[in-house]
Amino acid sequence: TQSRCHDEITWHSVRKASEHQRAEKLQCNTNSIQRKSNATDCDERPTVAIFADYDGCWDIISRTNIRKGESWFNQATPKHNYKTCTSPLRKKIKDITAGKRVILLVGSNRQSWEDDDFNNEQNFNGLALGTDNAFERWVQEFGGLENNCWELNTALLSDNKQPCSSWNARRESPWAGWSQEQTKTKLLENGIKQLLLEDHVDLYFFDDHADYLQHVRKYARIPPNMQLYTIHYAWLQYAKGATTGELQAIAA
């Protein structure tokens, strides 16, 4: 009788079921997922996940940021106005999300209430996490546009073993002792856990530090059903006139 110890056919379905069950345990409760759409075919679309950095990056289009207003910005940087500095970001967001189901995740080192509060006090650029702050407002803004499908996954490194439990909780910073590069890699991999059951996902990781992105491309562990792209955007470079080009997505 032929041994069945290494019979792949016999055990394939069992192994896949076990992997599926483990992945399910890593998922946030569906009630914590915030959705906003202006289309009827969201579940049929290809999926993209955006990991949005905040400070020095997406904060320029945050409605909680007192410096995002055109009047304030144009007075502070008269040579390069608000629309000139933000249009490359908005164009890239539009290009990579057109016709897609979009999952927004926190790509910032603001991975807890403590981080969010500290960075806001240091930079005077608004709160990103929690009810009615930047990330929730972006889903409402972009998801409300014609033919768009957006949702927010609130996974953070401060969740510990309770996915999406930190969003409105006063948790301490989870990344003390890590470098910025390590933090970026870990938060990406933590967010990826939320996407393991998707058929295929294109990951777009935004940051204002090109060296952090290079580290992420080199060291982040990406599952076979996903493709990682990094996008460097630092609005201050546009404000200073140091760059004027369109944003580029670099494949890992």
# chains A, B, ... in the order shown; residues from 1 in each chain; ligands from 1
$ select_by_dssp --residues "region 187-239 of chain A" --states "helix (DSSP H, G or I)" --output "MDAnalysis selection string"
chainID A and resid 187:195 210:219 235:239
$ residues_around --residues "His20 (chain A)" --least-positions-apart "3" --cutoff "12 Å" --atoms "only C-alpha atoms" --output "PDB file with C-alpha atoms, in the first residue's frame"
ATOM      1  CA  SER A  13      -8.112  21.161   1.553  1.00  0.00           C
ATOM      2  CA  VAL A  14      -7.389  20.653   5.261  1.00  0.00           C
ATOM      3  CA  ARG A  15      -4.345  22.927   5.102  1.00  0.00           C
ATOM      4  CA  LYS A  16      -6.251  25.617   3.206  1.00  0.00           C
ATOM      5  CA  ALA A  17      -9.107  25.483   5.710  1.00  0.00           C
ATOM      6  CA  ALA A  23      -6.559  34.465   8.847  1.00  0.00           C
ATOM      7  CA  GLU A  24     -10.139  34.996  10.034  1.00  0.00           C
ATOM      8  CA  LYS A  25      -8.936  35.332  13.632  1.00  0.00           C
ATOM      9  CA  LEU A  26      -6.683  38.226  12.574  1.00  0.00           C
ATOM     10  CA  GLN A  27      -9.523  40.178  10.985  1.00  0.00           C
ATOM     11  CA  LYS A 193      -3.131  40.711   8.067  1.00  0.00           C
ATOM     12  CA  LEU A 195      -6.158  41.558   3.636  1.00  0.00           C
ATOM     13  CA  LEU A 196      -5.115  37.903   3.678  1.00  0.00           C
ATOM     14  CA  LEU A 197      -8.537  36.628   2.600  1.00  0.00           C
ATOM     15  CA  GLU A 198      -8.732  38.899  -0.446  1.00  0.00           C
TER      16      GLU A 198
END
$ closest_residue --among "A:Leu228, A:Leu127, A:Ala234, A:Cys164" --to "Asp208 (chain A)" --atoms "only C-alpha atoms"
A:Ala234
$ residues_around --residues "Val139 (chain A)" --least-positions-apart "5" --cutoff "8 Å" --atoms "only C-alpha atoms" --output "list in words"
Gln34, Arg35, Lys36, Leu104, Gly144, Trp150, Glu151 and Leu152 of chain A
$ residues_around --residues "region 179-187 of chain A" --least-positions-apart "4" --cutoff "8 Å" --atoms "only C-alpha atoms" --output "PDB file with N, CA, C and O atoms, in the first residue's frame"
ATOM      1  N   GLY A 107      -1.002  54.478   7.436  1.00  0.00           N
ATOM      2  CA  GLY A 107       0.399  54.249   7.108  1.00  0.00           C
ATOM      3  C   GLY A 107       1.325  55.169   7.874  1.00  0.00           C
ATOM      4  O   GLY A 107       2.531  55.201   7.625  1.00  0.00           O
ATOM      5  N   SER A 108       0.775  55.906   8.793  1.00  0.00           N
ATOM      6  CA  SER A 108       1.529  56.852   9.617  1.00  0.00           C
ATOM      7  C   SER A 108       2.063  56.177  10.874  1.00  0.00           C
ATOM      8  O   SER A 108       1.517  55.151  11.321  1.00  0.00           O
ATOM      9  N   ASN A 109       3.109  56.761  11.469  1.00  0.00           N
ATOM     10  CA  ASN A 109       3.570  56.252  12.763  1.00  0.00           C
ATOM     11  C   ASN A 109       2.604  56.637  13.886  1.00  0.00           C
ATOM     12  O   ASN A 109       2.829  56.280  15.042  1.00  0.00           O
ATOM     13  N   LEU A 156      -4.329  49.024  13.954  1.00  0.00           N
ATOM     14  CA  LEU A 156      -3.163  49.775  14.433  1.00  0.00           C
ATOM     15  C   LEU A 156      -2.243  48.834  15.199  1.00  0.00           C
ATOM     16  O   LEU A 156      -2.673  47.803  15.724  1.00  0.00           O
ATOM     17  N   LEU A 157      -0.988  49.213  15.299  1.00  0.00           N
ATOM     18  CA  LEU A 157      -0.039  48.392  16.063  1.00  0.00           C
ATOM     19  C   LEU A 157      -0.380  48.351  17.546  1.00  0.00           C
ATOM     20  O   LEU A 157      -0.007  47.413  18.247  1.00  0.00           O
ATOM     21  N   TRP A 175       5.490  51.606  19.563  1.00  0.00           N
ATOM     22  CA  TRP A 175       6.729  51.424  18.813  1.00  0.00           C
ATOM     23  C   TRP A 175       7.960  52.060  19.463  1.00  0.00           C
ATOM     24  O   TRP A 175       8.978  52.286  18.785  1.00  0.00           O
ATOM     25  N   GLY A 191      -1.126  45.677   8.807  1.00  0.00           N
ATOM     26  CA  GLY A 191      -2.291  45.943   7.962  1.00  0.00           C
ATOM     27  C   GLY A 191      -2.555  44.824   6.970  1.00  0.00           C
ATOM     28  O   GLY A 191      -3.709  44.517   6.651  1.00  0.00           O
ATOM     29  N   TYR A 212      12.581  55.733   3.995  1.00  0.00           N
ATOM     30  CA  TYR A 212      11.681  54.791   4.664  1.00  0.00           C
ATOM     31  C   TYR A 212      11.048  53.846   3.639  1.00  0.00           C
ATOM     32  O   TYR A 212      10.916  52.644   3.879  1.00  0.00           O
ATOM     33  N   HIS A 215      13.387  51.154   2.502  1.00  0.00           N
ATOM     34  CA  HIS A 215      13.487  50.109   3.526  1.00  0.00           C
ATOM     35  C   HIS A 215      12.279  49.175   3.456  1.00  0.00           C
ATOM     36  O   HIS A 215      12.439  47.942   3.531  1.00  0.00           O
ATOM     37  N   VAL A 216      11.112  49.736   3.308  1.00  0.00           N
ATOM     38  CA  VAL A 216       9.889  48.930   3.245  1.00  0.00           C
ATOM     39  C   VAL A 216       9.919  48.017   2.026  1.00  0.00           C
ATOM     40  O   VAL A 216       9.571  46.827   2.119  1.00  0.00           O
ATOM     41  N   TYR A 219      12.446  45.120   2.879  1.00  0.00           N
ATOM     42  CA  TYR A 219      12.296  44.212   4.015  1.00  0.00           C
ATOM     43  C   TYR A 219      10.874  43.751   4.314  1.00  0.00           C
ATOM     44  O   TYR A 219      10.700  42.747   5.023  1.00  0.00           O
ATOM     45  N   ALA A 220       9.852  44.436   3.843  1.00  0.00           N
ATOM     46  CA  ALA A 220       8.480  44.024   4.160  1.00  0.00           C
ATOM     47  C   ALA A 220       8.166  42.675   3.512  1.00  0.00           C
ATOM     48  O   ALA A 220       8.531  42.422   2.362  1.00  0.00           O
TER      49      ALA A 220
END
$ closest_residue --among "A:Lys79, A:Arg137, A:Arg22, A:Arg45" --to "Ser62 (chain A)" --atoms "only C-alpha atoms"
A:Arg137
$ atom_distance --atom1 "CA of Arg171 (chain A)" --atom2 "CA of Val201 (chain A)"
29.6 Å
$ atom_distance --atom1 "CA of Tyr238 (chain A)" --atom2 "CA of Arg67 (chain A)"
15.3 Å
$ residues_around --residues "Ile231 (chain A)" --least-positions-apart "4" --cutoff "9 Å" --atoms "only C-alpha atoms" --output "list in words"
Tyr204, Phe205, Phe206, Asp207, Asp208, Ala210, Leu213, Leu247, Gln248, Ala249 and Ile250 of chain A
$ write_last_selection --atoms "N, CA and C atoms" --output "compact mmCIF listing (two decimals), in the first residue's frame"
# COMPACT_ATOMS: atom_id res chain seq x y z
N TYR A 204 -0.62 50.25 -1.95
CA TYR A 204 0.04 51.53 -2.24
C TYR A 204 0.42 52.18 -0.92
N PHE A 205 1.71 52.32 -0.70
CA PHE A 205 2.23 52.83 0.57
C PHE A 205 2.81 54.22 0.34
N PHE A 206 2.16 55.24 0.91
CA PHE A 206 2.58 56.64 0.77
C PHE A 206 3.44 57.05 1.95
N ASP A 207 4.50 57.82 1.67
CA ASP A 207 5.29 58.40 2.74
C ASP A 207 6.07 59.60 2.21
N ASP A 208 6.43 60.51 3.13
CA ASP A 208 7.20 61.69 2.73
C ASP A 208 8.70 61.47 2.84
N ALA A 210 11.68 59.15 1.39
CA ALA A 210 12.04 58.17 0.39
C ALA A 210 12.86 57.02 0.99
N LEU A 213 10.67 54.41 2.51
CA LEU A 213 10.04 53.61 1.47
C LEU A 213 11.01 52.58 0.89
N LEU A 247 3.58 62.13 -9.18
CA LEU A 247 4.01 61.09 -8.25
C LEU A 247 4.19 59.77 -8.99
N GLN A 248 5.22 59.03 -8.58
CA GLN A 248 5.53 57.76 -9.22
C GLN A 248 5.34 56.60 -8.23
N ALA A 249 4.72 55.55 -8.72
CA ALA A 249 4.55 54.33 -7.92
C ALA A 249 5.69 53.37 -8.26
N ILE A 250 6.48 53.01 -7.28
CA ILE A 250 7.62 52.10 -7.47
C ILE A 250 7.24 50.72 -6.97
$ select_by_dssp --residues "region 82-239 of chain A" --states "strand (DSSP E)" --output "NGL selection string"
:A and (101-106 or 149-152 or 201-207 or 226-232)
$ write_last_selection --atoms "N, CA, C and O atoms" --output "compact mmCIF listing (two decimals), in the first residue's frame"
# COMPACT_ATOMS: atom_id res chain seq x y z
N ARG A 101 -12.26 49.00 -5.66
CA ARG A 101 -12.70 48.99 -4.26
C ARG A 101 -11.49 49.38 -3.43
O ARG A 101 -10.44 48.75 -3.51
N VAL A 102 -11.61 50.42 -2.63
CA VAL A 102 -10.46 51.00 -1.94
C VAL A 102 -10.56 50.73 -0.44
O VAL A 102 -11.57 51.03 0.19
N ILE A 103 -9.50 50.16 0.12
CA ILE A 103 -9.40 49.97 1.57
C ILE A 103 -8.32 50.92 2.07
O ILE A 103 -7.15 50.81 1.68
N LEU A 104 -8.68 51.84 2.92
CA LEU A 104 -7.75 52.81 3.48
C LEU A 104 -7.27 52.32 4.84
O LEU A 104 -8.06 51.92 5.69
N LEU A 105 -5.93 52.35 5.03
CA LEU A 105 -5.33 51.98 6.32
C LEU A 105 -4.34 53.06 6.74
O LEU A 105 -3.88 53.86 5.92
N VAL A 106 -4.01 53.07 8.02
CA VAL A 106 -3.11 54.08 8.57
C VAL A 106 -1.67 53.68 8.26
O VAL A 106 -1.16 52.68 8.77
N CYS A 149 -15.80 53.69 -4.32
CA CYS A 149 -16.08 52.71 -3.26
C CYS A 149 -14.91 52.73 -2.28
O CYS A 149 -13.82 52.23 -2.60
N TRP A 150 -15.12 53.30 -1.12
CA TRP A 150 -14.04 53.39 -0.12
C TRP A 150 -14.49 52.77 1.20
O TRP A 150 -15.67 52.81 1.56
N GLU A 151 -13.52 52.20 1.91
CA GLU A 151 -13.76 51.73 3.26
C GLU A 151 -12.52 51.94 4.11
O GLU A 151 -11.41 52.03 3.58
N LEU A 152 -12.72 52.05 5.40
CA LEU A 152 -11.63 52.30 6.34
C LEU A 152 -11.44 51.09 7.24
O LEU A 152 -12.37 50.65 7.91
N VAL A 201 -4.67 41.95 -4.02
CA VAL A 201 -4.68 43.34 -3.57
C VAL A 201 -3.41 44.04 -4.06
O VAL A 201 -2.31 43.52 -3.87
N ASP A 202 -3.59 45.20 -4.66
CA ASP A 202 -2.46 46.08 -4.93
C ASP A 202 -2.31 47.02 -3.75
O ASP A 202 -3.26 47.74 -3.38
N LEU A 203 -1.14 47.01 -3.12
CA LEU A 203 -0.86 47.83 -1.95
C LEU A 203 -0.12 49.10 -2.38
O LEU A 203 0.89 49.02 -3.08
N TYR A 204 -0.62 50.25 -1.95
CA TYR A 204 0.04 51.53 -2.24
C TYR A 204 0.42 52.18 -0.92
O TYR A 204 -0.45 52.54 -0.12
N PHE A 205 1.71 52.32 -0.70
CA PHE A 205 2.23 52.83 0.57
C PHE A 205 2.81 54.22 0.34
O PHE A 205 3.83 54.38 -0.35
N PHE A 206 2.16 55.24 0.91
CA PHE A 206 2.58 56.64 0.77
C PHE A 206 3.44 57.05 1.95
O PHE A 206 3.14 56.73 3.10
N ASP A 207 4.50 57.82 1.67
CA ASP A 207 5.29 58.40 2.74
C ASP A 207 6.07 59.60 2.21
O ASP A 207 6.34 59.71 1.01
N MET A 226 -0.53 39.61 -3.19
CA MET A 226 -0.45 41.07 -3.12
C MET A 226 0.77 41.59 -3.87
O MET A 226 1.78 40.90 -4.01
N GLN A 227 0.65 42.82 -4.35
CA GLN A 227 1.75 43.53 -4.99
C GLN A 227 1.92 44.88 -4.30
O GLN A 227 0.97 45.64 -4.18
N LEU A 228 3.14 45.15 -3.86
CA LEU A 228 3.42 46.40 -3.15
C LEU A 228 4.00 47.45 -4.09
O LEU A 228 4.91 47.17 -4.87
N TYR A 229 3.45 48.67 -3.97
CA TYR A 229 3.99 49.85 -4.64
C TYR A 229 4.20 50.93 -3.58
O TYR A 229 3.36 51.09 -2.68
N THR A 230 5.29 51.65 -3.67
CA THR A 230 5.50 52.78 -2.75
C THR A 230 5.44 54.08 -3.54
O THR A 230 5.85 54.14 -4.71
N ILE A 231 4.92 55.11 -2.88
CA ILE A 231 4.76 56.42 -3.52
C ILE A 231 5.32 57.49 -2.59
O ILE A 231 4.84 57.65 -1.46
N HIS A 232 6.31 58.19 -3.07
CA HIS A 232 6.93 59.26 -2.28
C HIS A 232 6.21 60.57 -2.56
O HIS A 232 6.13 61.03 -3.69
$ residues_around --residues "Cys85 (chain A)" --least-positions-apart "4" --cutoff "9 Å" --atoms "only C-alpha atoms" --output "MDAnalysis selection string"
chainID A and resid 60 80:81 89 235:239 244
$ residues_around --residues "Asn147 (chain A)" --least-positions-apart "4" --cutoff "9 Å" --atoms "only C-alpha atoms" --output "PyMOL selection string"
chain A and resi 37-40+98-99+143
$ closest_residue --among "A:Glu136, A:Glu19, A:Arg110, A:Gly130" --to "Ser165 (chain A)" --atoms "only C-alpha atoms"
A:Gly130
$ atom_distance --atom1 "CA of Ile96 (chain A)" --atom2 "CA of Val48 (chain A)"
7.9 Å
$ closest_residue --among "A:Ile93, A:Ala169, A:Leu129, A:Ala134" --to "Ala49 (chain A)" --atoms "only C-alpha atoms"
A:Ile93
$ closest_residue --among "A:Lys218, A:Asn133, A:Phe73, A:Glu141" --to "Arg90 (chain A)" --atoms "only C-alpha atoms"
A:Glu141
